[in-house]
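Q: coords-v3.cif is reproduced in full below (mmCIF, C-alpha atoms).
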data_query
#
loop_
_atom_site.label_atom_id
_atom_site.label_comp_id
_atom_site.auth_asym_id
_atom_site.auth_seq_id
_atom_site.Cartn_x
_atom_site.Cartn_y
_atom_site.Cartn_z
CA MET A 1 22.15 13.81 -11.46
CA THR A 2 25.51 14.21 -9.75
CA ASN A 3 26.26 13.11 -6.20
CA ALA A 4 24.58 16.25 -4.88
CA ALA A 5 21.29 17.90 -5.67
CA ASP A 6 19.85 21.18 -4.54
CA VAL A 7 16.07 21.60 -4.36
CA GLY A 8 13.74 23.86 -2.47
CA VAL A 9 11.60 21.03 -1.12
CA LEU A 10 12.25 17.32 -0.69
CA VAL A 11 9.17 15.15 -0.04
CA VAL A 12 9.77 11.64 1.27
CA GLY A 13 6.87 9.34 0.44
CA GLY A 14 4.85 9.05 -2.76
CA GLY A 15 1.37 8.40 -1.37
CA VAL A 16 -1.50 10.87 -1.28
CA LEU A 17 -0.09 12.82 1.66
CA GLY A 18 3.31 13.16 0.01
CA LEU A 19 1.69 14.13 -3.28
CA GLY A 20 -0.43 16.72 -1.51
CA HIS A 21 2.73 18.36 -0.19
CA ALA A 22 4.60 18.08 -3.48
CA ILE A 23 1.79 19.60 -5.56
CA ALA A 24 1.24 22.42 -3.06
CA ALA A 25 4.97 23.18 -3.07
CA LEU A 26 5.08 23.22 -6.87
CA ARG A 27 2.14 25.62 -6.96
CA ALA A 28 3.97 27.88 -4.51
CA GLY A 29 6.90 28.08 -6.92
CA HIS A 30 9.37 25.71 -5.25
CA ARG A 31 11.67 23.30 -7.02
CA VAL A 32 10.50 19.95 -5.64
CA MET A 33 11.91 16.43 -5.50
CA LEU A 34 9.86 13.46 -4.32
CA CYS A 35 11.48 10.19 -3.24
CA GLU A 36 9.41 7.01 -3.01
CA ARG A 37 11.17 3.85 -1.91
CA ASP A 38 9.01 1.58 -4.13
CA SER A 39 8.59 1.74 -7.88
CA VAL A 40 4.96 2.79 -7.32
CA ALA A 41 2.95 3.76 -4.26
CA ARG A 42 1.89 0.55 -2.51
CA GLY A 43 0.57 1.63 0.87
CA ALA A 44 -2.71 2.89 2.27
CA SER A 45 -3.10 5.45 -0.53
CA VAL A 46 -3.95 2.69 -3.02
CA ARG A 47 -5.60 0.26 -0.58
CA ASN A 48 -8.72 2.23 0.30
CA PHE A 49 -12.23 3.04 -0.92
CA GLY A 50 -11.31 6.09 -2.95
CA MET A 51 -13.76 8.04 -0.81
CA ILE A 52 -13.38 11.76 -0.19
CA TRP A 53 -15.66 11.84 2.83
CA PRO A 54 -16.28 15.24 4.48
CA ILE A 55 -19.44 14.01 6.18
CA GLY A 56 -17.34 11.82 8.48
CA GLN A 57 -15.32 14.73 9.89
CA PRO A 58 -16.43 16.70 12.95
CA ARG A 59 -17.63 20.22 12.32
CA GLY A 60 -14.98 22.90 12.52
CA PRO A 61 -11.42 22.90 11.17
CA LEU A 62 -11.34 19.21 10.19
CA GLN A 63 -14.57 19.43 8.24
CA GLN A 64 -13.36 22.58 6.50
CA GLN A 65 -10.08 20.84 5.73
CA ALA A 66 -12.02 17.93 4.21
CA LEU A 67 -14.16 20.27 2.11
CA ARG A 68 -11.04 22.05 0.84
CA SER A 69 -9.53 18.69 -0.09
CA ARG A 70 -12.76 17.86 -1.89
CA GLN A 71 -12.31 21.02 -4.00
CA LEU A 72 -8.70 20.13 -4.73
CA TRP A 73 -9.59 16.58 -5.77
CA SER A 74 -12.16 17.90 -8.24
CA GLU A 75 -9.74 20.46 -9.64
CA LEU A 76 -6.89 17.97 -9.95
CA GLY A 77 -9.16 15.36 -11.51
CA GLU A 78 -9.76 17.78 -14.37
CA LEU A 79 -6.10 18.73 -14.69
CA ALA A 80 -4.60 15.27 -14.26
CA GLY A 81 -7.27 13.35 -16.18
CA PHE A 82 -8.71 10.96 -13.61
CA ARG A 83 -12.31 10.37 -12.56
CA CYS A 84 -13.39 12.37 -9.55
CA GLU A 85 -17.11 11.71 -9.44
CA ALA A 86 -19.40 13.84 -7.29
CA THR A 87 -21.43 10.84 -6.18
CA GLY A 88 -22.38 12.09 -2.75
CA SER A 89 -23.07 9.62 0.05
CA LEU A 90 -26.16 7.75 1.22
CA HIS A 91 -26.43 6.60 4.85
CA VAL A 92 -29.39 4.27 5.32
CA ALA A 93 -31.30 3.36 8.48
CA TYR A 94 -33.05 0.08 9.24
CA ALA A 95 -34.00 0.79 12.86
CA ASP A 96 -35.63 3.67 14.68
CA ASP A 97 -32.47 4.55 16.61
CA GLU A 98 -30.44 4.70 13.40
CA TRP A 99 -33.06 6.96 11.83
CA GLN A 100 -33.06 9.16 14.94
CA VAL A 101 -29.28 9.68 14.65
CA LEU A 102 -29.64 10.63 10.99
CA GLU A 103 -32.40 13.10 11.86
CA GLN A 104 -30.32 14.63 14.63
CA PHE A 105 -27.30 14.92 12.39
CA ALA A 106 -29.29 16.60 9.63
CA ASP A 107 -30.96 19.00 12.08
CA ASP A 108 -27.65 20.11 13.60
CA ALA A 109 -25.29 19.92 10.62
CA VAL A 110 -23.54 22.94 9.17
CA LEU A 111 -23.08 21.14 5.86
CA PRO A 112 -25.51 22.57 3.30
CA GLY A 113 -27.65 20.51 0.99
CA LEU A 114 -28.28 17.47 3.19
CA GLU A 115 -31.51 15.60 2.41
CA LEU A 116 -33.44 13.30 4.72
CA LEU A 117 -35.10 10.73 2.47
CA SER A 118 -38.09 8.52 3.06
CA ALA A 119 -37.66 4.82 2.36
CA GLY A 120 -39.16 5.27 -1.11
CA GLU A 121 -36.96 8.25 -1.88
CA ALA A 122 -33.85 6.36 -0.74
CA ILE A 123 -34.72 3.44 -3.00
CA ARG A 124 -35.16 5.80 -5.93
CA ARG A 125 -31.62 7.04 -5.24
CA GLN A 126 -30.35 3.45 -5.03
CA PRO A 127 -32.74 0.81 -6.36
CA ARG A 128 -30.56 -2.05 -5.02
CA LEU A 129 -31.25 -1.10 -1.39
CA CYS A 130 -32.99 -3.82 0.63
CA GLU A 131 -36.58 -2.67 1.12
CA SER A 132 -37.51 -4.75 4.16
CA GLY A 133 -37.30 -2.62 7.31
CA LEU A 134 -35.86 0.42 5.57
CA ARG A 135 -36.71 3.56 7.56
CA GLY A 136 -35.05 6.07 5.27
CA GLY A 137 -31.71 7.61 4.45
CA LEU A 138 -29.55 10.69 4.58
CA PHE A 139 -28.08 11.95 1.32
CA SER A 140 -25.11 14.31 1.33
CA PRO A 141 -23.83 15.93 -1.89
CA HIS A 142 -20.34 16.62 -0.54
CA GLU A 143 -18.61 13.27 -0.99
CA ALA A 144 -16.68 12.23 -4.08
CA ASN A 145 -15.31 8.97 -5.43
CA VAL A 146 -12.01 8.25 -7.18
CA ASP A 147 -10.30 5.01 -8.10
CA PRO A 148 -7.40 5.22 -5.62
CA GLY A 149 -4.78 3.43 -7.72
CA ALA A 150 -5.66 5.29 -10.90
CA ALA A 151 -5.89 8.64 -9.13
CA VAL A 152 -2.52 8.33 -7.37
CA ALA A 153 -0.81 7.28 -10.61
CA ALA A 154 -2.41 10.20 -12.48
CA LEU A 155 -1.33 12.66 -9.77
CA HIS A 156 2.25 11.42 -10.08
CA ARG A 157 2.22 11.99 -13.84
CA PHE A 158 0.59 15.39 -13.47
CA ALA A 159 3.09 16.55 -10.85
CA GLU A 160 5.97 15.43 -13.02
CA ARG A 161 4.58 17.45 -15.94
CA GLU A 162 4.39 20.42 -13.59
CA GLY A 163 8.09 20.10 -12.81
CA LEU A 164 8.31 17.55 -9.99
CA GLU A 165 11.53 15.57 -9.98
CA ARG A 166 10.50 12.05 -9.05
CA ARG A 167 12.87 9.46 -7.64
CA LEU A 168 10.92 6.20 -7.62
CA GLY A 169 12.48 3.08 -6.16
CA THR A 170 14.69 5.40 -4.12
CA ALA A 171 14.92 5.07 -0.35
CA VAL A 172 15.99 7.91 1.89
CA VAL A 173 18.27 6.44 4.56
CA ALA A 174 19.20 9.48 6.66
CA ILE A 175 17.96 13.02 7.23
CA GLU A 176 19.47 15.94 9.06
CA SER A 177 18.82 19.65 8.85
CA GLY A 178 18.90 20.64 5.19
CA VAL A 179 20.32 17.35 3.90
CA ALA A 180 18.94 13.92 3.05
CA THR A 181 21.03 10.93 2.06
CA LEU A 182 19.64 8.47 -0.46
CA ALA A 183 20.43 4.75 -0.51
CA SER A 184 22.66 5.39 -3.54
CA GLY A 185 24.81 7.74 -1.50
CA THR A 186 23.46 10.85 -3.21
CA ARG A 187 23.05 13.78 -0.84
CA VAL A 188 20.07 16.04 -1.49
CA THR A 189 20.11 19.49 0.04
CA ALA A 190 16.76 21.19 0.54
CA GLU A 191 15.39 24.18 2.38
CA HIS A 192 12.37 22.11 3.46
CA ILE A 193 12.23 18.33 3.96
CA VAL A 194 8.82 16.76 4.58
CA VAL A 195 8.55 13.11 5.63
CA CYS A 196 5.18 11.57 4.71
CA THR A 197 5.83 7.85 5.10
CA GLY A 198 3.17 6.74 7.55
CA ASP A 199 4.75 4.94 10.48
CA ASP A 200 7.82 4.05 8.41
CA PHE A 201 9.64 7.10 9.73
CA ARG A 202 10.67 4.90 12.68
CA GLY A 203 13.73 3.92 10.62
CA LEU A 204 14.73 7.55 10.10
CA PHE A 205 13.82 8.87 13.55
CA PRO A 206 13.41 5.92 15.94
CA GLU A 207 13.34 7.97 19.14
CA LEU A 208 10.76 10.35 17.71
CA PHE A 209 8.59 7.46 16.61
CA ALA A 210 8.83 5.78 20.01
CA ALA A 211 7.58 8.96 21.68
CA SER A 212 4.94 9.77 19.06
CA GLY A 213 1.98 7.84 20.43
CA LEU A 214 1.27 6.49 16.96
CA VAL A 215 -0.24 3.04 16.53
CA ARG A 216 -0.92 1.06 13.40
CA CYS A 217 -4.34 0.01 12.19
CA LYS A 218 -4.83 -2.96 9.87
CA LEU A 219 -7.95 -3.07 7.74
CA GLN A 220 -9.43 -5.79 5.57
CA MET A 221 -11.20 -5.06 2.28
CA LEU A 222 -12.47 -6.77 -0.85
CA ALA A 223 -13.75 -6.10 -4.35
CA LEU A 224 -16.96 -7.48 -5.86
CA GLY A 225 -17.68 -7.85 -9.52
CA PRO A 226 -17.37 -7.10 -12.29
CA GLN A 227 -20.86 -5.64 -12.20
CA PRO A 228 -23.19 -6.40 -15.15
CA ASP A 229 -24.83 -4.08 -17.64
CA GLY A 230 -22.78 -1.04 -16.78
CA PHE A 231 -24.17 -0.93 -13.23
CA ARG A 232 -23.19 2.30 -11.45
CA LEU A 233 -23.50 2.56 -7.71
CA GLY A 234 -24.28 6.26 -7.63
CA PRO A 235 -24.00 7.58 -4.05
CA MET A 236 -21.46 5.70 -1.97
CA CYS A 237 -23.34 3.73 0.66
CA ALA A 238 -23.17 3.21 4.42
CA ALA A 239 -25.49 1.91 7.14
CA GLY A 240 -25.95 1.85 10.90
CA LEU A 241 -22.54 0.57 12.00
CA THR A 242 -20.87 3.45 10.17
CA LEU A 243 -22.62 5.94 12.45
CA LEU A 244 -20.51 4.57 15.32
CA HIS A 245 -17.26 4.90 13.42
CA TYR A 246 -16.94 8.48 12.19
CA PRO A 247 -16.50 11.44 14.55
CA GLY A 248 -18.86 13.48 12.40
CA PHE A 249 -21.78 11.72 14.13
CA ALA A 250 -20.32 11.73 17.64
CA ALA A 251 -22.35 14.73 18.84
CA CYS A 252 -25.73 13.17 18.00
CA PRO A 253 -27.64 12.61 21.30
CA GLY A 254 -29.09 9.31 20.07
CA LEU A 255 -25.72 7.74 19.35
CA ALA A 256 -25.26 6.30 22.86
CA ALA A 257 -28.47 4.27 22.65
CA LEU A 258 -27.59 3.08 19.16
CA ARG A 259 -24.12 2.06 20.34
CA ALA A 260 -25.60 0.14 23.28
CA ARG A 261 -27.98 -1.81 21.03
CA LEU A 262 -25.39 -2.65 18.40
CA ALA A 263 -22.90 -3.69 21.08
CA VAL A 264 -25.28 -6.56 21.80
CA GLU A 265 -26.74 -7.29 18.37
CA ARG A 266 -23.51 -6.77 16.41
CA ALA A 267 -20.93 -7.74 19.00
CA ALA A 268 -18.85 -9.80 16.55
CA GLU A 269 -18.64 -6.93 14.06
CA ILE A 270 -17.77 -4.37 16.72
CA ALA A 271 -15.08 -6.63 18.17
CA ARG A 272 -13.37 -6.58 14.75
CA GLY A 273 -13.98 -2.87 14.17
CA ILE A 274 -16.25 -3.62 11.22
CA HIS A 275 -18.48 -1.06 9.58
CA VAL A 276 -19.45 -1.47 5.96
CA LEU A 277 -18.95 1.09 3.21
CA VAL A 278 -19.40 0.61 -0.53
CA SER A 279 -17.73 2.54 -3.35
CA GLN A 280 -16.88 1.80 -6.98
CA ARG A 281 -13.67 1.62 -9.01
CA ASP A 282 -13.14 2.71 -12.57
CA ASP A 283 -13.49 -0.92 -13.75
CA GLY A 284 -16.97 -1.11 -12.19
CA CYS A 285 -16.01 -3.42 -9.33
CA LEU A 286 -17.42 -2.46 -5.94
CA ILE A 287 -15.01 -1.87 -3.08
CA VAL A 288 -16.43 -3.16 0.20
CA GLY A 289 -15.06 -3.10 3.74
CA ASP A 290 -13.71 -2.74 6.25
CA SER A 291 -12.41 -3.97 9.59
CA HIS A 292 -9.98 -2.33 12.05
CA GLU A 293 -7.31 -4.06 14.12
CA TYR A 294 -4.96 -1.91 16.20
CA GLY A 295 -1.41 -2.43 17.42
CA ASP A 296 1.77 -4.01 16.08
CA GLY A 297 0.91 -7.65 16.59
CA PHE A 298 -1.10 -8.32 13.44
CA GLY A 299 0.24 -10.26 10.49
CA PRO A 300 -0.55 -10.48 6.77
CA VAL A 301 -3.34 -13.05 7.12
CA LEU A 302 -6.80 -12.20 5.76
CA ASP A 303 -9.38 -13.58 8.16
CA ALA A 304 -12.24 -15.55 6.57
CA ALA A 305 -14.60 -14.91 9.50
CA THR A 306 -14.06 -11.15 9.19
CA GLU A 307 -14.84 -11.32 5.49
CA ARG A 308 -18.06 -13.25 6.15
CA LEU A 309 -19.17 -10.66 8.68
CA ILE A 310 -18.51 -7.83 6.22
CA LEU A 311 -20.46 -9.56 3.45
CA ASP A 312 -23.30 -10.61 5.76
CA TYR A 313 -23.74 -7.04 6.97
CA LEU A 314 -23.61 -5.74 3.39
CA ARG A 315 -26.54 -8.02 2.55
CA THR A 316 -28.66 -6.38 5.24
CA PHE A 317 -28.85 -3.16 3.23
CA LEU A 318 -27.60 -3.63 -0.34
CA ALA A 319 -28.25 -6.38 -2.89
CA VAL A 320 -25.43 -5.89 -5.37
CA PRO A 321 -25.91 -7.34 -8.87
CA ASN A 322 -22.74 -9.45 -8.68
CA ALA A 323 -21.51 -10.34 -5.18
CA GLU A 324 -18.59 -12.52 -6.31
CA VAL A 325 -15.41 -11.65 -4.42
CA VAL A 326 -12.70 -11.09 -7.03
CA GLU A 327 -10.01 -9.46 -4.88
CA ARG A 328 -9.05 -9.40 -1.22
CA TRP A 329 -6.44 -7.25 0.47
CA SER A 330 -5.31 -5.68 3.71
CA GLY A 331 -3.95 -2.22 4.33
CA SER A 332 -2.59 -0.31 7.27
CA TYR A 333 -2.23 3.26 8.39
CA ALA A 334 -0.91 5.17 11.38
CA LEU A 335 -3.03 7.10 13.85
CA GLN A 336 -2.77 8.59 17.30
CA ARG A 337 -4.68 6.74 19.97
CA GLY A 338 -5.31 9.97 21.85
CA GLY A 339 -7.56 11.15 19.05
CA GLU A 340 -5.32 13.88 17.66
CA PRO A 341 -6.18 14.30 13.95
CA ILE A 342 -2.58 14.53 12.73
CA PHE A 343 0.99 14.03 13.94
CA ARG A 344 3.47 16.78 13.16
CA ALA A 345 7.00 16.95 14.49
CA GLY A 346 10.19 18.80 13.63
CA PRO A 347 13.15 16.53 14.44
CA ALA A 348 15.60 19.07 12.98
CA PRO A 349 15.43 22.62 11.61
CA GLY A 350 13.77 22.58 8.18
CA VAL A 351 12.59 18.97 8.63
CA GLU A 352 8.98 18.05 9.35
CA VAL A 353 7.35 14.67 9.83
CA VAL A 354 3.66 14.73 8.84
CA THR A 355 1.64 11.57 9.40
CA GLY A 356 -1.00 10.01 11.63
CA VAL A 357 -4.06 11.17 9.67
CA GLY A 358 -5.70 7.82 10.41
CA GLY A 359 -8.37 6.59 8.05
CA SER A 360 -9.06 10.02 6.54
CA GLY A 361 -5.97 10.23 4.35
CA MET A 362 -7.84 10.46 1.07
CA THR A 363 -10.28 12.93 2.61
CA ARG A 364 -7.80 15.37 4.16
CA SER A 365 -4.31 14.94 2.68
CA LEU A 366 -4.44 17.42 -0.19
CA ALA A 367 -5.51 20.23 2.12
CA ILE A 368 -2.93 19.20 4.73
CA GLY A 369 -0.19 19.60 2.13
CA GLU A 370 -1.50 23.02 1.23
CA GLU A 371 -1.54 24.03 4.91
CA THR A 372 2.05 22.85 5.47
CA VAL A 373 3.36 24.84 2.53
CA GLY A 374 1.31 27.86 3.57
CA ARG A 375 3.02 27.86 6.97
CA TRP A 376 6.40 28.26 5.31
CA ARG A 377 5.30 31.56 3.82
CA THR A 378 4.25 32.91 7.21
CA SER A 379 7.10 31.61 9.36
#
Could you render the structure from this file as structure tokens?
A:
Amino acid sequence: MTNAADVGVLVVGGGVLGLGHAIAALRAGHRVMLCERDSVARGASVRNFGMIWPIGQPRGPLQQQALRSRQLWSELGELAGFRCEATGSLHVAYADDEWQVLEQFADDAVLPGLELLSAGEAIRRQPRLCESGLRGGLFSPHEANVDPGAAVAALHRFAEREGLERRLGTAVVAIESGVATLASGTRVTAEHIVVCTGDDFRGLFPELFAASGLVRCKLQMLALGPQPDGFRLGPMCAAGLTLLHYPGFAACPGLAALRARLAVERAAEIARGIHVLVSQRDDGCLIVGDSHEYGDGFGPVLDAATERLILDYLRTFLAVPNAEVVERWSGSYALQRGGEPIFRAGPAPGVEVVTGVGGSGMTRSLAIGEETVGRWRTS
């Protein structure tokens, strides 16, 4: 490559959101370059559950966006050669108020195919569920599981085969309308420049970041295993605390009473933003988490008390075959405190910053990329 490059689209950031934009742009016929400052993606895109989770999104455009992403994940899993398993999800209830919320959600949901399960039916779906006190569960067929690290790497390889020009280990240091400057001094001209770097765009557009309303969220996660005898989790699992976390359940009339009870009985978990989800990686290890800490004041430390709370709550609903903690990590993402589902801004003509999808990056990013590229055709 010479000291100048001309492309139709330059994507800054090699995580799932950046890949969603790059793949959509390739499919629309653009010549696309992607710059990722690290040698591989290291951020939230590879530090999550690998859950594509439409059930957590509120009905309407966000749920439809999640369902479209779910279709794209399945399609790309076939094309790129990674596991995208239609596991579905299983929310379990161990108290009457939790069961009431599940009933209300199922009665009012627009998602097809939901099943309210008795305690016995839930255990048949997942024999490792704790039987004592189990009221029942809600199964949804819409959720899918990928191994986040393997899936992101496979998407990079696939996009490159489709014509993507990748610049890994390449930082973009300045952007203006139609031109980006790389750390090497190379200037890349592009009709469209899309910045998908989480909250890291503060270095490129500090004033825009300061006015964005974005905050960071740190989460704490762990892996259990390896699991014996080829154990497969099946549906990804969640319990009562998760009903407080996702906006998909926010309209349930019984949620207020559930929140009030758990605020007393699970005060320590709620103070740390803990709700417990379980998924599975390609190597069979179970991914378990997570906690949520907001702001800019947190450091890299993994808190032992938070981990104990996560594991203790896991034991209230799932007895995993091997509960040995083999990995621990933290991750972070950007979100808007005001509740907006995405941050979009145009700091210069032909330049768009797309970030702030919060904890639903795996669930929504592929469709968001498709929507961004679709807007170019109609503008």
Q: Applying 10 Å and all atoms listed in the file, which residues near Glu131 (chain A) remain after dropping the ones on its own chain fewer than 3 positions away? List them as a VMD selection string.
A: chain A and resid 94 119 to 120 122 to 123 127 to 128 134 to 136 316 to 319
Q: Starting from the shown file, work through the PyMOL selection byres ((chain A and resi 323) around 12) and note down what comes out as a short mmCIF file (atom, residue, chain, number, x, y, z; two decimals) with C-alpha atoms, in the coordinates of the input.
A:
data_model
loop_
_atom_site.label_atom_id
_atom_site.label_comp_id
_atom_site.auth_asym_id
_atom_site.auth_seq_id
_atom_site.Cartn_x
_atom_site.Cartn_y
_atom_site.Cartn_z
CA LEU A 222 -12.47 -6.77 -0.85
CA ALA A 223 -13.75 -6.10 -4.35
CA LEU A 224 -16.96 -7.48 -5.86
CA GLY A 225 -17.68 -7.85 -9.52
CA PRO A 226 -17.37 -7.10 -12.29
CA GLN A 227 -20.86 -5.64 -12.20
CA PRO A 228 -23.19 -6.40 -15.15
CA CYS A 285 -16.01 -3.42 -9.33
CA LEU A 286 -17.42 -2.46 -5.94
CA ILE A 287 -15.01 -1.87 -3.08
CA VAL A 288 -16.43 -3.16 0.20
CA LEU A 311 -20.46 -9.56 3.45
CA ASP A 312 -23.30 -10.61 5.76
CA LEU A 314 -23.61 -5.74 3.39
CA ARG A 315 -26.54 -8.02 2.55
CA LEU A 318 -27.60 -3.63 -0.34
CA ALA A 319 -28.25 -6.38 -2.89
CA VAL A 320 -25.43 -5.89 -5.37
CA PRO A 321 -25.91 -7.34 -8.87
CA ASN A 322 -22.74 -9.45 -8.68
CA GLU A 324 -18.59 -12.52 -6.31
CA VAL A 325 -15.41 -11.65 -4.42
CA VAL A 326 -12.70 -11.09 -7.03
CA GLU A 327 -10.01 -9.46 -4.88
#
Q: For Pro341 (chain A), list every protein, DNA or RNA residue within 12 Å, evaluated using only C-alpha atoms, and leave out those in the same chain fewer than 3 positions away; present the list as a VMD selection string.
A: chain A and resid 57 to 58 61 to 63 65 to 66 214 247 334 to 338 344 354 to 361 364 to 365 368
Q: Report, in Å to a single decimal, how far apart CA of Leu302 (chain A) and CA of Cys196 (chain A) are.
A: 26.6 Å
Q: Taking the file as I've supplied it (selection: the PyMOL selection byres ((chain A and resi 83) around 12)), which residues are included? Please answer as a PyMOL selection string.
A: chain A and resi 50+73-82+84-87+144-152+154-155+280-283
Q: Kindly export the residues of the current selection with C-alpha atoms, as a PDB file, in the coordinates of the input.
A:
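Produced file selection-v4.pdb, reproduced below:
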ATOM      1  CA  GLY A  50     -11.310   6.090  -2.950  1.00  0.00           C
ATOM      2  CA  TRP A  73      -9.590  16.580  -5.770  1.00  0.00           C
ATOM      3  CA  SER A  74     -12.160  17.900  -8.240  1.00  0.00           C
ATOM      4  CA  GLU A  75      -9.740  20.460  -9.640  1.00  0.00           C
ATOM      5  CA  LEU A  76      -6.890  17.970  -9.950  1.00  0.00           C
ATOM      6  CA  GLY A  77      -9.160  15.360 -11.510  1.00  0.00           C
ATOM      7  CA  GLU A  78      -9.760  17.780 -14.370  1.00  0.00           C
ATOM      8  CA  LEU A  79      -6.100  18.730 -14.690  1.00  0.00           C
ATOM      9  CA  ALA A  80      -4.600  15.270 -14.260  1.00  0.00           C
ATOM     10  CA  GLY A  81      -7.270  13.350 -16.180  1.00  0.00           C
ATOM     11  CA  PHE A  82      -8.710  10.960 -13.610  1.00  0.00           C
ATOM     12  CA  CYS A  84     -13.390  12.370  -9.550  1.00  0.00           C
ATOM     13  CA  GLU A  85     -17.110  11.710  -9.440  1.00  0.00           C
ATOM     14  CA  ALA A  86     -19.400  13.840  -7.290  1.00  0.00           C
ATOM     15  CA  THR A  87     -21.430  10.840  -6.180  1.00  0.00           C
ATOM     16  CA  ALA A 144     -16.680  12.230  -4.080  1.00  0.00           C
ATOM     17  CA  ASN A 145     -15.310   8.970  -5.430  1.00  0.00           C
ATOM     18  CA  VAL A 146     -12.010   8.250  -7.180  1.00  0.00           C
ATOM     19  CA  ASP A 147     -10.300   5.010  -8.100  1.00  0.00           C
ATOM     20  CA  PRO A 148      -7.400   5.220  -5.620  1.00  0.00           C
ATOM     21  CA  GLY A 149      -4.780   3.430  -7.720  1.00  0.00           C
ATOM     22  CA  ALA A 150      -5.660   5.290 -10.900  1.00  0.00           C
ATOM     23  CA  ALA A 151      -5.890   8.640  -9.130  1.00  0.00           C
ATOM     24  CA  VAL A 152      -2.520   8.330  -7.370  1.00  0.00           C
ATOM     25  CA  ALA A 154      -2.410  10.200 -12.480  1.00  0.00           C
ATOM     26  CA  LEU A 155      -1.330  12.660  -9.770  1.00  0.00           C
ATOM     27  CA  GLN A 280     -16.880   1.800  -6.980  1.00  0.00           C
ATOM     28  CA  ARG A 281     -13.670   1.620  -9.010  1.00  0.00           C
ATOM     29  CA  ASP A 282     -13.140   2.710 -12.570  1.00  0.00           C
ATOM     30  CA  ASP A 283     -13.490  -0.920 -13.750  1.00  0.00           C
TER      31      ASP A 283
END
Q: Using the chain letters and numbering of this document, enumerate as a VMD selection string the residues selected by the PyMOL selection byres ((chain A and resi 269) around 9).
A: chain A and resid 241 263 266 to 268 270 to 275 291 306 309 to 310 313
Q: Tell me which protein, DNA and RNA residues are within 9 Å of Asp6 (chain A), counting all atoms listed in the file, leaving out same-chain ones fewer than 4 positions away, and put them as a list in words.
A: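 Selected residues are Arg31, Arg187, Val188, Thr189, Ala190 and Glu191 of chain A.
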Q: Given all atoms listed in the file as the basis, pick out the residue of A:Thr372, A:Ser39, A:Gln100, A:Thr378 nearest to Ile193 (chain A).
A: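 Looking at the shortest contact to Ile193 (chain A), the residue is A:Thr372.
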Q: Skip Val40 (chain A) itself and residues of its chain fewer than 5 positions away, then list as a list in words all residues within 12 Å of it, counting only C-alpha atoms.
A: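 Counting only C-alpha atoms, the residues come to Gly13, Gly14, Gly15, Val16, Cys35, Ser45, Val46, Gly149, Ala150, Val152, Ala153, Ala154, Leu155, His156, Arg157, Arg166, Arg167, Leu168, Gly169 and Thr170 of chain A.
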Q: Could you work out how far CA of Asn48 (chain A) lies from CA of Glu103 (chain A), giving the answer in Å with one decimal?
A: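 So the answer is 28.5 Å.
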Q: Quick one: distance from CA of Gln220 (chain A) to CA of Ser279 (chain A) in Å, one decimal?
A: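 Here the two named atoms are 14.8 Å from each other.
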Q: Choose the residue, out of A:Tyr333, A:Tyr294, A:Trp376, A:Phe209, that has the smallest atom-to-atom separation from Val353 (chain A); count all atoms listed in the file.
A: A:Phe209
